[in-house]
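Asks: So here's target_17.csv, just CSV, C-alpha atoms:
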```csv
chain,number,residue,atom,x,y,z
P,146,MET,CA,-10.9,-21.0,9.4
P,147,ALA,CA,-14.3,-19.8,8.4
P,148,THR,CA,-13.4,-16.2,9.3
P,149,THR,CA,-10.2,-16.4,7.2
P,150,ARG,CA,-12.3,-17.4,4.2
P,151,LYS,CA,-14.7,-14.6,4.9
P,152,ILE,CA,-11.9,-12.1,5.1
P,153,ILE,CA,-10.9,-13.1,1.5
P,154,THR,CA,-14.3,-13.6,-0.1
P,155,ASP,CA,-16.0,-10.6,1.5
P,156,PRO,CA,-14.2,-8.0,-0.6
P,157,LEU,CA,-14.9,-9.9,-3.8
P,158,SER,CA,-18.6,-8.9,-3.8
P,159,ASP,CA,-20.4,-7.9,-0.6
P,160,ASN,CA,-17.8,-5.4,0.5
P,161,ASN,CA,-16.0,-4.7,-2.8
P,162,PRO,CA,-13.4,-1.9,-2.4
P,163,ILE,CA,-14.5,-0.2,-5.6
P,164,THR,CA,-18.2,-0.7,-6.0
P,165,ILE,CA,-19.3,-0.7,-2.3
P,166,GLN,CA,-16.5,1.1,-0.3
P,167,VAL,CA,-15.9,3.6,-3.1
P,168,LEU,CA,-12.1,3.5,-2.8
P,169,GLY,CA,-9.4,3.6,-5.5
P,170,ILE,CA,-11.7,4.7,-8.4
P,171,CYS,CA,-9.0,6.8,-10.2
P,172,SER,CA,-6.9,4.0,-11.4
P,173,ALA,CA,-9.9,1.7,-12.0
P,174,LEU,CA,-10.9,4.1,-14.7
P,175,ALA,CA,-7.5,5.2,-16.1
P,176,VAL,CA,-5.8,2.0,-16.9
P,177,THR,CA,-8.7,0.1,-18.3
P,178,VAL,CA,-8.6,0.9,-22.0
P,179,GLN,CA,-7.1,-2.6,-22.6
P,180,VAL,CA,-7.1,-5.8,-20.6
P,181,ASP,CA,-3.3,-6.2,-20.5
P,182,THR,CA,-2.6,-2.9,-18.8
P,183,ALA,CA,-5.4,-3.6,-16.3
P,184,PHE,CA,-3.9,-7.0,-15.6
P,185,VAL,CA,-0.4,-5.6,-14.9
P,186,MET,CA,-1.9,-2.8,-12.7
P,187,SER,CA,-3.9,-5.4,-10.8
P,188,LEU,CA,-0.8,-7.4,-10.0
P,189,ALA,CA,1.0,-4.3,-8.9
P,190,VAL,CA,-1.8,-3.3,-6.6
P,191,ILE,CA,-2.3,-6.8,-5.1
P,192,SER,CA,1.4,-7.0,-4.3
P,193,VAL,CA,1.7,-3.5,-2.8
P,194,LEU,CA,-1.5,-3.9,-0.8
P,195,THR,CA,-0.6,-7.3,0.6
P,196,LEU,CA,3.0,-6.3,1.5
P,197,SER,CA,2.0,-3.0,3.0
P,198,ASN,CA,-0.7,-4.7,5.1
P,199,VAL,CA,1.8,-7.3,6.4
P,200,ILE,CA,4.6,-4.7,7.2
P,201,ILE,CA,2.3,-2.2,8.9
P,202,SER,CA,0.5,-5.0,10.8
P,203,ALA,CA,3.9,-6.3,12.0
P,204,MET,CA,4.9,-2.9,13.2
P,205,ARG,CA,1.5,-1.9,14.6
P,206,ASN,CA,2.6,-2.0,18.2
P,207,LEU,CA,5.8,0.0,17.5
P,208,ILE,CA,4.3,2.9,15.6
P,209,PRO,CA,3.3,5.9,17.8
P,210,GLY,CA,-0.3,6.9,17.2
P,211,LYS,CA,0.4,10.5,16.3
P,212,ILE,CA,2.7,9.9,13.4
P,213,ARG,CA,1.2,6.7,12.1
P,214,MET,CA,0.0,8.3,8.9
P,215,ILE,CA,3.5,9.4,8.0
P,216,VAL,CA,4.9,5.9,8.7
P,217,GLU,CA,2.2,4.3,6.6
P,218,VAL,CA,2.8,6.7,3.7
P,219,THR,CA,6.5,6.0,3.9
P,220,VAL,CA,6.0,2.2,3.9
P,221,ILE,CA,3.6,2.4,0.9
P,222,ALA,CA,5.8,4.9,-1.0
P,223,SER,CA,8.8,2.6,-0.7
P,224,LEU,CA,6.9,-0.4,-1.9
P,225,VAL,CA,5.6,1.6,-4.9
P,226,VAL,CA,9.1,2.8,-5.8
P,227,LEU,CA,10.2,-0.8,-5.7
P,228,THR,CA,7.3,-1.9,-8.0
P,229,ASP,CA,8.0,1.0,-10.3
P,230,GLN,CA,11.6,0.0,-10.7
P,231,ILE,CA,10.8,-3.7,-11.3
P,232,LEU,CA,8.2,-2.8,-14.0
P,233,ARG,CA,10.7,-0.5,-15.6
P,234,ALA,CA,13.4,-3.2,-15.6
P,235,TYR,CA,11.3,-6.1,-16.9
P,236,LEU,CA,8.2,-4.6,-18.6
P,237,PHE,CA,9.5,-1.3,-20.0
P,238,GLU,CA,6.8,-0.9,-22.7
P,239,MET,CA,4.0,-1.6,-20.2
P,240,SER,CA,5.4,0.8,-17.6
P,241,ARG,CA,5.4,3.5,-20.3
P,242,GLN,CA,1.8,2.9,-21.0
P,243,LEU,CA,0.8,3.0,-17.3
P,244,SER,CA,2.8,6.2,-17.1
P,245,ILE,CA,2.1,8.1,-13.9
P,246,PHE,CA,-0.5,5.6,-12.6
P,247,VAL,CA,2.1,3.3,-11.1
P,248,GLY,CA,3.3,6.2,-9.0
P,249,LEU,CA,-0.3,7.1,-8.1
P,250,ILE,CA,-0.7,3.7,-6.3
P,251,ILE,CA,0.8,5.7,-3.3
P,252,THR,CA,-2.3,7.8,-3.2
P,253,ASN,CA,-4.7,5.0,-4.0
P,254,CYS,CA,-7.2,5.1,-1.2
P,255,ILE,CA,-7.6,1.3,-1.0
P,256,ILE,CA,-4.1,0.8,0.3
P,257,MET,CA,-4.1,3.7,2.8
P,258,GLY,CA,-7.7,2.7,3.8
P,259,ARG,CA,-6.9,-0.9,4.5
P,260,ALA,CA,-3.8,0.0,6.4
P,261,GLU,CA,-5.8,2.4,8.6
P,262,ALA,CA,-8.9,0.3,9.0
P,263,PHE,CA,-7.5,-3.3,9.2
P,264,ALA,CA,-3.7,-3.7,9.5
P,265,THR,CA,-3.2,-1.3,12.4
P,266,GLN,CA,-5.6,-3.4,14.5
P,267,ASN,CA,-5.1,-7.0,13.5
P,268,PRO,CA,-2.2,-9.5,13.6
P,269,VAL,CA,-0.1,-10.3,10.6
P,270,ARG,CA,-1.9,-13.4,9.1
P,271,PRO,CA,-5.5,-11.9,8.9
P,272,SER,CA,-3.9,-8.7,7.5
P,273,LEU,CA,-2.2,-10.7,4.8
P,274,MET,CA,-5.6,-12.3,3.9
P,275,ASP,CA,-7.3,-8.9,4.0
P,276,GLY,CA,-4.7,-7.4,1.6
P,277,LEU,CA,-5.1,-10.3,-0.8
P,278,GLY,CA,-8.9,-10.2,-0.6
P,279,ASN,CA,-9.2,-6.5,-1.3
P,280,GLY,CA,-6.5,-6.7,-4.0
P,281,LEU,CA,-8.5,-9.4,-5.7
P,282,GLY,CA,-11.8,-7.5,-5.3
P,283,TYR,CA,-10.1,-4.5,-6.9
P,284,SER,CA,-8.7,-6.7,-9.8
P,285,VAL,CA,-12.1,-8.3,-10.5
P,286,ILE,CA,-13.7,-4.9,-11.2
P,287,LEU,CA,-10.7,-3.6,-13.0
P,288,LEU,CA,-10.7,-6.6,-15.4
P,289,LEU,CA,-14.5,-6.3,-15.9
P,290,VAL,CA,-14.3,-2.6,-16.9
P,291,ALA,CA,-11.3,-3.3,-19.1
P,292,SER,CA,-13.0,-6.2,-20.8
P,293,GLY,CA,-16.1,-4.1,-21.5
P,294,ARG,CA,-14.0,-1.3,-22.9
P,295,GLU,CA,-11.7,-3.4,-25.0
P,296,ILE,CA,-14.5,-5.5,-26.5
P,297,LEU,CA,-16.8,-2.5,-27.2
P,298,GLY,CA,-14.0,-0.2,-28.2
P,299,SER,CA,-11.9,-2.3,-30.5
P,300,GLY,CA,-13.6,-5.7,-30.7
P,301,THR,CA,-10.7,-7.6,-29.1
P,302,TRP,CA,-10.0,-9.2,-25.7
P,303,TYR,CA,-6.3,-9.4,-24.6
P,304,HIS,CA,-5.4,-8.5,-28.2
P,305,VAL,CA,-7.4,-11.6,-29.5
P,306,ARG,CA,-10.2,-10.7,-31.9
P,307,VAL,CA,-13.6,-11.7,-30.4
P,308,LEU,CA,-16.0,-9.7,-32.6
P,309,PRO,CA,-16.1,-10.1,-36.4
P,310,GLU,CA,-13.7,-7.9,-38.5
P,311,ALA,CA,-16.7,-5.9,-39.8
P,312,TYR,CA,-17.0,-4.3,-36.3
P,313,TYR,CA,-15.3,-1.0,-36.5
P,314,GLY,CA,-15.1,-0.4,-32.7
P,315,ASN,CA,-17.0,2.2,-30.7
P,316,GLY,CA,-14.6,5.1,-30.1
P,317,LEU,CA,-16.6,6.3,-27.1
P,318,ALA,CA,-15.7,3.2,-25.0
P,319,VAL,CA,-12.0,4.0,-25.4
P,320,LEU,CA,-12.4,7.6,-24.4
P,321,ALA,CA,-13.0,8.9,-20.8
P,322,PRO,CA,-16.8,9.0,-20.9
P,323,GLY,CA,-17.0,5.3,-21.8
P,324,ALA,CA,-15.1,4.4,-18.6
P,325,PHE,CA,-17.4,6.4,-16.4
P,326,LEU,CA,-20.5,4.9,-18.1
P,327,ILE,CA,-19.3,1.3,-17.9
P,328,LEU,CA,-18.2,1.5,-14.3
P,329,GLY,CA,-21.6,3.2,-13.5
P,330,ILE,CA,-23.5,0.3,-15.0
P,331,ILE,CA,-21.3,-2.3,-13.3
P,332,ILE,CA,-22.0,-0.6,-10.0
P,333,TRP,CA,-25.7,-0.7,-10.7
P,334,ILE,CA,-25.7,-4.4,-11.6
P,335,GLN,CA,-23.5,-5.3,-8.7
P,336,ARG,CA,-25.6,-3.4,-6.1
P,337,THR,CA,-28.8,-4.7,-7.5
P,338,LEU,CA,-27.5,-8.3,-7.3
P,339,THR,CA,-26.1,-8.1,-3.7
P,340,GLY,CA,-29.0,-5.9,-2.6
P,341,ASN,CA,-26.6,-3.4,-1.1
P,342,PHE,CA,-28.3,-0.1,-1.5
P,343,LYS,CA,-26.1,1.9,0.8
P,344,ASP,CA,-26.6,5.6,-0.1
P,345,ASP,CA,-23.3,7.4,-0.1
F,553,MET,CA,0.3,33.5,-25.0
F,554,GLU,CA,1.7,30.1,-24.8
F,555,LEU,CA,0.9,30.1,-21.1
F,556,ILE,CA,-2.7,31.2,-21.6
F,557,SER,CA,-3.1,28.4,-24.1
F,558,LEU,CA,-1.6,25.9,-21.6
F,559,ALA,CA,-4.0,27.1,-18.9
F,560,VAL,CA,-7.1,26.9,-21.1
F,561,ARG,CA,-6.1,23.4,-22.4
F,562,THR,CA,-5.5,22.2,-18.8
F,563,ILE,CA,-8.8,23.5,-17.5
F,564,PHE,CA,-11.2,22.5,-20.3
F,565,ILE,CA,-9.7,20.0,-22.8
F,566,GLU,CA,-7.5,17.9,-20.5
F,567,ASN,CA,-9.5,18.4,-17.3
F,568,ILE,CA,-7.7,16.5,-14.5
F,569,VAL,CA,-10.9,14.8,-13.3
F,570,LEU,CA,-12.9,14.3,-16.5
F,571,ALA,CA,-10.1,13.3,-18.8
F,572,TYR,CA,-7.5,11.8,-16.5
F,573,PHE,CA,-9.7,10.5,-13.7
F,574,LEU,CA,-7.5,12.0,-11.0
F,575,GLY,CA,-8.9,12.9,-7.6
F,576,MET,CA,-12.0,10.8,-8.2
F,577,CYS,CA,-12.3,9.7,-4.6
F,578,SER,CA,-12.8,13.1,-3.1
F,579,PHE,CA,-14.7,14.2,-6.3
F,580,LEU,CA,-17.3,11.5,-5.4
F,581,ALA,CA,-17.2,11.8,-1.7
F,582,CYS,CA,-17.3,15.6,-1.2
F,583,SER,CA,-19.8,16.6,-4.0
F,584,LYS,CA,-23.0,16.2,-2.0
F,585,LYS,CA,-23.2,19.9,-0.9
F,586,ILE,CA,-22.2,22.9,-3.0
F,587,GLU,CA,-20.5,24.6,0.0
F,588,THR,CA,-18.1,21.7,0.8
F,589,ALA,CA,-17.4,21.3,-2.9
F,590,THR,CA,-16.4,24.9,-3.2
F,591,GLY,CA,-14.2,24.7,-0.2
F,592,LEU,CA,-12.4,21.6,-1.4
F,593,GLY,CA,-12.0,23.1,-4.9
F,594,LEU,CA,-10.4,26.3,-3.4
F,595,ALA,CA,-8.1,24.2,-1.2
F,596,VAL,CA,-7.0,22.1,-4.2
F,597,ILE,CA,-6.2,25.2,-6.3
F,598,CYS,CA,-4.1,26.5,-3.4
F,599,VAL,CA,-2.2,23.3,-2.8
F,600,LEU,CA,-1.6,22.3,-6.5
F,601,GLY,CA,-0.5,25.9,-7.3
F,602,LEU,CA,2.2,25.6,-4.5
F,603,THR,CA,3.3,22.0,-4.8
F,604,VAL,CA,3.8,21.8,-8.6
F,605,PRO,CA,6.4,24.7,-8.8
F,606,PHE,CA,8.0,23.5,-5.6
F,607,ASN,CA,8.4,20.0,-6.8
F,608,TRP,CA,9.8,21.4,-10.1
F,609,PHE,CA,12.7,22.9,-7.9
F,610,ILE,CA,13.2,19.6,-6.2
F,611,GLN,CA,13.2,17.7,-9.5
F,612,HIS,CA,15.6,20.1,-11.3
F,613,TYR,CA,18.0,21.0,-8.5
F,614,PHE,CA,18.3,17.6,-6.7
F,615,LEU,CA,16.8,14.6,-8.5
F,616,THR,CA,17.6,14.5,-12.3
F,617,GLU,CA,21.0,13.3,-13.5
F,618,GLY,CA,23.6,16.0,-13.1
F,619,ALA,CA,21.1,18.3,-11.3
F,620,MET,CA,23.3,18.7,-8.2
F,621,ALA,CA,26.2,20.2,-10.3
F,622,TRP,CA,25.6,23.5,-8.5
F,623,THR,CA,27.0,22.0,-5.3
F,624,GLY,CA,30.4,21.8,-6.9
F,625,ILE,CA,31.1,18.4,-5.3
F,626,PRO,CA,32.2,16.0,-8.1
F,627,VAL,CA,30.5,12.9,-6.6
F,628,LEU,CA,27.2,14.6,-6.4
F,629,ALA,CA,27.4,16.2,-9.8
F,630,THR,CA,26.9,12.9,-11.7
F,631,LEU,CA,24.3,11.4,-9.4
F,632,ASP,CA,21.0,10.4,-10.8
F,633,LEU,CA,18.4,10.3,-8.1
F,634,SER,CA,15.2,10.4,-10.3
F,635,PHE,CA,14.0,7.1,-8.8
F,636,LEU,CA,13.5,8.9,-5.5
F,637,ASN,CA,10.9,11.4,-7.0
F,638,LEU,CA,7.8,9.6,-5.8
F,639,ILE,CA,9.0,9.6,-2.1
F,640,SER,CA,10.3,13.2,-2.2
F,641,PHE,CA,7.1,14.5,-4.0
F,642,ILE,CA,4.8,12.9,-1.4
F,643,ALA,CA,6.9,14.3,1.4
F,644,VAL,CA,6.8,17.8,-0.2
F,645,ILE,CA,3.0,17.6,-0.6
F,646,ALA,CA,2.5,16.5,3.0
F,647,CYS,CA,4.7,19.3,4.3
F,648,THR,CA,3.0,22.0,2.1
F,649,VAL,CA,-0.4,20.9,3.2
F,650,GLN,CA,0.7,21.2,6.8
F,651,VAL,CA,2.2,24.6,6.3
F,652,VAL,CA,-0.8,25.9,4.4
F,653,GLU,CA,-3.0,24.6,7.2
F,654,MET,CA,-1.0,26.5,9.9
F,655,ILE,CA,-0.9,29.7,7.9
F,656,LEU,CA,-4.6,29.7,7.3
F,657,ASP,CA,-5.3,28.9,10.9
F,658,ARG,CA,-3.1,31.8,12.0
F,659,TYR,CA,-4.2,34.5,9.5
F,660,VAL,CA,-7.5,33.5,7.9
F,661,PRO,CA,-9.3,31.5,10.6
F,662,ALA,CA,-12.7,31.8,8.8
F,663,LEU,CA,-11.5,30.0,5.7
F,664,TYR,CA,-9.6,27.5,7.8
F,665,HIS,CA,-12.8,26.5,9.7
F,666,SER,CA,-14.9,26.3,6.5
F,667,LEU,CA,-12.4,23.9,5.0
F,668,GLY,CA,-12.2,21.8,8.1
F,669,ILE,CA,-11.2,18.2,7.5
F,670,PHE,CA,-10.6,18.6,3.8
F,671,LEU,CA,-7.2,20.3,4.1
F,672,PRO,CA,-5.4,17.3,5.7
F,673,LEU,CA,-7.2,14.9,3.3
F,674,ILE,CA,-5.7,16.7,0.3
F,675,THR,CA,-2.4,15.0,1.0
F,676,VAL,CA,-3.8,11.7,-0.3
F,677,ASN,CA,-5.8,13.3,-3.2
F,678,CYS,CA,-4.4,11.7,-6.4
F,679,SER,CA,-4.8,14.9,-8.4
F,680,ILE,CA,-2.1,16.6,-6.3
F,681,LEU,CA,0.6,13.9,-6.8
F,682,GLY,CA,-0.7,13.4,-10.3
F,683,GLY,CA,-0.1,17.1,-11.1
F,684,SER,CA,3.6,16.8,-10.1
F,685,LEU,CA,4.1,13.6,-12.0
F,686,PHE,CA,2.6,15.0,-15.1
F,687,MET,CA,4.8,18.1,-14.7
F,688,VAL,CA,7.9,15.7,-14.8
F,689,GLU,CA,6.6,13.5,-17.6
F,690,ARG,CA,5.7,16.5,-19.9
F,691,GLN,CA,9.0,18.3,-19.1
F,692,TYR,CA,7.5,21.7,-18.3
F,693,ASP,CA,9.8,24.6,-17.6
F,694,PHE,CA,9.3,26.7,-14.4
F,695,SER,CA,6.7,29.2,-15.6
F,696,GLU,CA,4.7,26.4,-17.3
F,697,ALA,CA,4.8,24.3,-14.1
F,698,ALA,CA,3.4,27.3,-12.1
F,699,VAL,CA,0.6,27.9,-14.6
F,700,TYR,CA,-0.1,24.2,-14.9
F,701,GLY,CA,-0.5,23.8,-11.1
F,702,VAL,CA,-3.1,26.6,-10.8
F,703,ALA,CA,-4.9,25.6,-14.0
F,704,ALA,CA,-5.1,21.9,-13.0
F,705,GLY,CA,-6.5,23.0,-9.6
F,706,SER,CA,-9.1,25.2,-11.3
F,707,GLY,CA,-10.1,22.4,-13.5
F,708,PHE,CA,-10.8,20.2,-10.5
F,709,ALA,CA,-12.7,23.0,-8.8
F,710,LEU,CA,-14.8,23.6,-11.9
F,711,ALA,CA,-15.7,19.9,-12.2
F,712,ILE,CA,-16.5,19.3,-8.5
F,713,ILE,CA,-18.6,22.5,-8.2
F,714,SER,CA,-20.6,21.6,-11.3
F,715,ILE,CA,-21.3,18.0,-10.3
F,716,SER,CA,-22.4,19.1,-6.8
F,717,ALA,CA,-24.9,21.5,-8.4
F,718,ILE,CA,-26.2,18.7,-10.6
F,719,ARG,CA,-26.5,16.3,-7.7
F,720,LYS,CA,-28.5,18.9,-5.7
F,721,LYS,CA,-30.8,19.3,-8.7
F,722,ILE,CA,-31.6,15.6,-9.0
F,723,ARG,CA,-32.0,15.0,-5.3
F,724,TYR,CA,-35.8,14.2,-5.6
F,725,SER,CA,-35.6,12.4,-8.9
F,726,ASP,CA,-36.9,8.8,-9.0
F,727,ILE,CA,-33.8,6.7,-9.6
F,728,PRO,CA,-33.8,2.8,-9.4
F,729,PRO,CA,-32.5,1.8,-6.0
F,730,GLY,CA,-29.3,0.1,-7.2
F,731,LEU,CA,-28.3,3.1,-9.2
F,732,GLN,CA,-28.8,5.7,-6.4
F,733,GLY,CA,-25.7,7.5,-5.1
F,734,LEU,CA,-22.5,6.3,-6.6
F,735,GLY,CA,-23.9,4.6,-9.7
F,736,MET,CA,-25.8,7.7,-10.8
F,737,THR,CA,-22.9,10.0,-10.0
F,738,MET,CA,-20.7,7.9,-12.1
F,739,ILE,CA,-23.0,8.1,-15.1
F,740,LEU,CA,-23.5,11.9,-14.6
F,741,THR,CA,-19.7,12.3,-14.6
F,742,GLY,CA,-19.6,10.3,-17.9
F,743,LEU,CA,-22.1,12.7,-19.5
F,744,MET,CA,-20.2,15.7,-18.2
F,745,SER,CA,-17.0,14.3,-19.5
F,746,MET,CA,-18.7,13.8,-22.9
F,747,ALA,CA,-19.7,17.5,-22.8
F,748,PHE,CA,-16.2,18.6,-22.0
F,749,MET,CA,-14.9,16.6,-25.0
F,750,CYS,CA,-16.6,19.2,-27.2
F,751,PHE,CA,-13.8,21.6,-26.2
F,752,ALA,CA,-11.3,19.2,-27.9
F,753,GLY,CA,-11.7,21.0,-31.2
F,754,ILE,CA,-10.5,24.3,-29.8
F,755,ASP,CA,-7.1,25.1,-31.1
F,756,LEU,CA,-5.3,28.0,-29.4
```
Would you kindly transcribe this structure into structure tokens?
Replies:
Amino acid sequence: MATTRKIITDPLSDNNPITIQVLGICSALAVTVQVDTAFVMSLAVISVLTLSNVIISAMRNLIPGKIRMIVEVTVIASLVVLTDQILRAYLFEMSRQLSIFVGLIITNCIIMGRAEAFATQNPVRPSLMDGLGNGLGYSVILLLVASGREILGSGTWYHVRVLPEAYYGNGLAVLAPGAFLILGIIIWIQRTLTGNFKDD
Amino acid sequence: MELISLAVRTIFIENIVLAYFLGMCSFLACSKKIETATGLGLAVICVLGLTVPFNWFIQHYFLTEGAMAWTGIPVLATLDLSFLNLISFIAVIACTVQVVEMILDRYVPALYHSLGIFLPLITVNCSILGGSLFMVERQYDFSEAAVYGVAAGSGFALAIISISAIRKKIRYSDIPPGLQGLGMTMILTGLMSMAFMCFAGIDL
């Protein structure tokens, strides 16, 4: 039981997919102008990651080693198409804002990375936990960056005003450089707190 | 003229790495040495320049609604397969990378060996799939798609070669331990992206 808990809690800080393993940075920066887009994106990634881990781990003894990459990409791409269609059907406005970044979940290295590193070697249940844990670790950073950018950029959090009306909003936080700087600072704080100074 | 303006806009103003955050993983992982950064940059120009126009064909002759009218079969003529574009694009990209790899291995072995592991890894580089998806979303025509592919690749090459030069320059700087490596590169990229925003005023 202890190991199961470790599989889930490890990716939240000590082995976080974004700040420590350096995977899936693209979407972490692109969808974080506001908290609501980051939230929907997190849900999409958690579900695709968990399902792809489960499916690939269930098939791990059937997939020939030589073509496993192609099989993995096909599984992931089908799940992403499904997610994209669901978002378009029920949250059309949101899927328009996320634009191409839902499709880019296919090439999000976290999903491919976990499938390669964990799901191909472990039974279904730990793979499910691993998918959930890494998905949550990704979401935590995504929501942190989005909170920073939305509060600094427009003085609101999830469209609720948190800073006084007199605050005009810092345009830099909304634009691309703000995303890089805020994520850089989060990585700095996180690595200093966990004492993980791995040089990559 | 239109096409030149599109190319300049894609390379400098809407740089695929610094403004759209695509291809960040390899941008961070492969920018430690200038040689590898240059190799990866060239490979990305090559693959993006081929896959974007190729995916344009797939999109316009197979996937959009009514695209298969050329077959003359009534059932196919009204079919809308655009939901399949993600899967077909990633398949096209994987095949193109494989073919480019085989051609280089056969005819230009020197370049093939210098690119090494980066060629196969390009398949899962977000900037490649992103280029094709932007091409669909912005409804480029064929010549625009071809120019966009090469220009987006050049933008990536420009960004990764410059960041690797900066990283080489700061190798002996005294950076706080938690900020070393990824953290510092992130902040440098932020500053670079700020510098590239100055191009935004250029109107062609």
Asks: With 12 Å as the cut-off and all atoms listed in the file counted, what is the closest atom pair between each nearby residue of range 681-700 of chain F and range 572-593 of chain F? Distances in Å to one decimal, ordered by chain and number, as a tab-separated table.
Replies:
```
residue	atom	partner	partner_atom	distance
F:Leu681	CA	F:Leu574	CA	9.3
F:Gly682	CA	F:Leu574	CA	7.0
F:Gly683	CA	F:Leu574	CA	9.0
F:Leu685	CA	F:Leu574	CA	11.8
F:Phe686	CA	F:Tyr572	CA	10.7
```
Asks: Can you write out the residues you just picked, keeping C-alpha atoms, as a PDB file, in the frame of the given file?
Replies:
```
ATOM      1  CA  LEU F 681       0.600  13.900  -6.800  1.00  0.00           C
ATOM      2  CA  GLY F 682      -0.700  13.400 -10.300  1.00  0.00           C
ATOM      3  CA  GLY F 683      -0.100  17.100 -11.100  1.00  0.00           C
ATOM      4  CA  LEU F 685       4.100  13.600 -12.000  1.00  0.00           C
ATOM      5  CA  PHE F 686       2.600  15.000 -15.100  1.00  0.00           C
TER       6      PHE F 686
END
```
Asks: Excluding same-chain residues fewer than 3 positions from range 554-565 of chain F, what lies within 12 Å of it counting all atoms listed in the file, as an mmCIF file with C-alpha atoms, keeping the file's coordinate frame?
Replies:
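File selection_30.cif, as written:
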```
data_model
loop_
_atom_site.group_PDB
_atom_site.id
_atom_site.type_symbol
_atom_site.label_atom_id
_atom_site.label_comp_id
_atom_site.auth_asym_id
_atom_site.auth_seq_id
_atom_site.Cartn_x
_atom_site.Cartn_y
_atom_site.Cartn_z
ATOM 1 C CA ALA P 321 -13.000 8.900 -20.800
ATOM 2 C CA ILE F 568 -7.700 16.500 -14.500
ATOM 3 C CA VAL F 569 -10.900 14.800 -13.300
ATOM 4 C CA LEU F 570 -12.900 14.300 -16.500
ATOM 5 C CA ALA F 571 -10.100 13.300 -18.800
ATOM 6 C CA TYR F 572 -7.500 11.800 -16.500
ATOM 7 C CA ILE F 597 -6.200 25.200 -6.300
ATOM 8 C CA GLY F 683 -0.100 17.100 -11.100
ATOM 9 C CA PHE F 686 2.600 15.000 -15.100
ATOM 10 C CA MET F 687 4.800 18.100 -14.700
ATOM 11 C CA TYR F 692 7.500 21.700 -18.300
ATOM 12 C CA ASP F 693 9.800 24.600 -17.600
ATOM 13 C CA PHE F 694 9.300 26.700 -14.400
ATOM 14 C CA SER F 695 6.700 29.200 -15.600
ATOM 15 C CA GLU F 696 4.700 26.400 -17.300
ATOM 16 C CA ALA F 697 4.800 24.300 -14.100
ATOM 17 C CA ALA F 698 3.400 27.300 -12.100
ATOM 18 C CA VAL F 699 0.600 27.900 -14.600
ATOM 19 C CA TYR F 700 -0.100 24.200 -14.900
ATOM 20 C CA GLY F 701 -0.500 23.800 -11.100
ATOM 21 C CA VAL F 702 -3.100 26.600 -10.800
ATOM 22 C CA ALA F 703 -4.900 25.600 -14.000
ATOM 23 C CA ALA F 704 -5.100 21.900 -13.000
ATOM 24 C CA GLY F 705 -6.500 23.000 -9.600
ATOM 25 C CA SER F 706 -9.100 25.200 -11.300
ATOM 26 C CA GLY F 707 -10.100 22.400 -13.500
ATOM 27 C CA PHE F 708 -10.800 20.200 -10.500
ATOM 28 C CA ALA F 709 -12.700 23.000 -8.800
ATOM 29 C CA LEU F 710 -14.800 23.600 -11.900
ATOM 30 C CA ALA F 711 -15.700 19.900 -12.200
ATOM 31 C CA MET F 744 -20.200 15.700 -18.200
ATOM 32 C CA SER F 745 -17.000 14.300 -19.500
ATOM 33 C CA MET F 746 -18.700 13.800 -22.900
ATOM 34 C CA ALA F 747 -19.700 17.500 -22.800
ATOM 35 C CA PHE F 748 -16.200 18.600 -22.000
ATOM 36 C CA MET F 749 -14.900 16.600 -25.000
ATOM 37 C CA CYS F 750 -16.600 19.200 -27.200
ATOM 38 C CA PHE F 751 -13.800 21.600 -26.200
ATOM 39 C CA ALA F 752 -11.300 19.200 -27.900
ATOM 40 C CA GLY F 753 -11.700 21.000 -31.200
ATOM 41 C CA ILE F 754 -10.500 24.300 -29.800
ATOM 42 C CA ASP F 755 -7.100 25.100 -31.100
ATOM 43 C CA LEU F 756 -5.300 28.000 -29.400
#
```
Asks: So, with all atoms listed in the file as the atoms that count, which of F:Ser679, F:Thr623, F:Ser714, F:Ser684 lies closest to Phe641 in chain F?
Replies: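 Using all atoms listed in the file, the shortest distance to Phe641 in chain F belongs to F:Ser684.
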Asks: Near chain F, which residues of chain P fall within 8 Å when you count all atoms listed in the file, and what do they look like as a compact mmCIF listing (two decimals) with C-alpha atoms, in the frame of the given file?
Replies:
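Wrote part-v6.txt, looks like this:
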```txt
# COMPACT_ATOMS: atom_id res chain seq x y z
CA VAL P 167 -15.90 3.60 -3.10
CA LEU P 168 -12.10 3.50 -2.80
CA GLY P 169 -9.40 3.60 -5.50
CA ILE P 170 -11.70 4.70 -8.40
CA CYS P 171 -9.00 6.80 -10.20
CA SER P 172 -6.90 4.00 -11.40
CA LEU P 174 -10.90 4.10 -14.70
CA ALA P 175 -7.50 5.20 -16.10
CA THR P 219 6.50 6.00 3.90
CA ALA P 222 5.80 4.90 -1.00
CA SER P 223 8.80 2.60 -0.70
CA VAL P 226 9.10 2.80 -5.80
CA GLN P 230 11.60 0.00 -10.70
CA ILE P 245 2.10 8.10 -13.90
CA GLY P 248 3.30 6.20 -9.00
CA LEU P 249 -0.30 7.10 -8.10
CA THR P 252 -2.30 7.80 -3.20
CA ASN P 253 -4.70 5.00 -4.00
CA CYS P 254 -7.20 5.10 -1.20
CA ALA P 321 -13.00 8.90 -20.80
CA PRO P 322 -16.80 9.00 -20.90
CA GLY P 323 -17.00 5.30 -21.80
CA ALA P 324 -15.10 4.40 -18.60
CA PHE P 325 -17.40 6.40 -16.40
CA LEU P 326 -20.50 4.90 -18.10
CA LEU P 328 -18.20 1.50 -14.30
CA GLY P 329 -21.60 3.20 -13.50
CA ILE P 330 -23.50 0.30 -15.00
CA ILE P 332 -22.00 -0.60 -10.00
CA TRP P 333 -25.70 -0.70 -10.70
CA ILE P 334 -25.70 -4.40 -11.60
CA ARG P 336 -25.60 -3.40 -6.10
CA THR P 337 -28.80 -4.70 -7.50
CA GLY P 340 -29.00 -5.90 -2.60
CA ASN P 341 -26.60 -3.40 -1.10
CA PHE P 342 -28.30 -0.10 -1.50
CA ASP P 344 -26.60 5.60 -0.10
CA ASP P 345 -23.30 7.40 -0.10
```
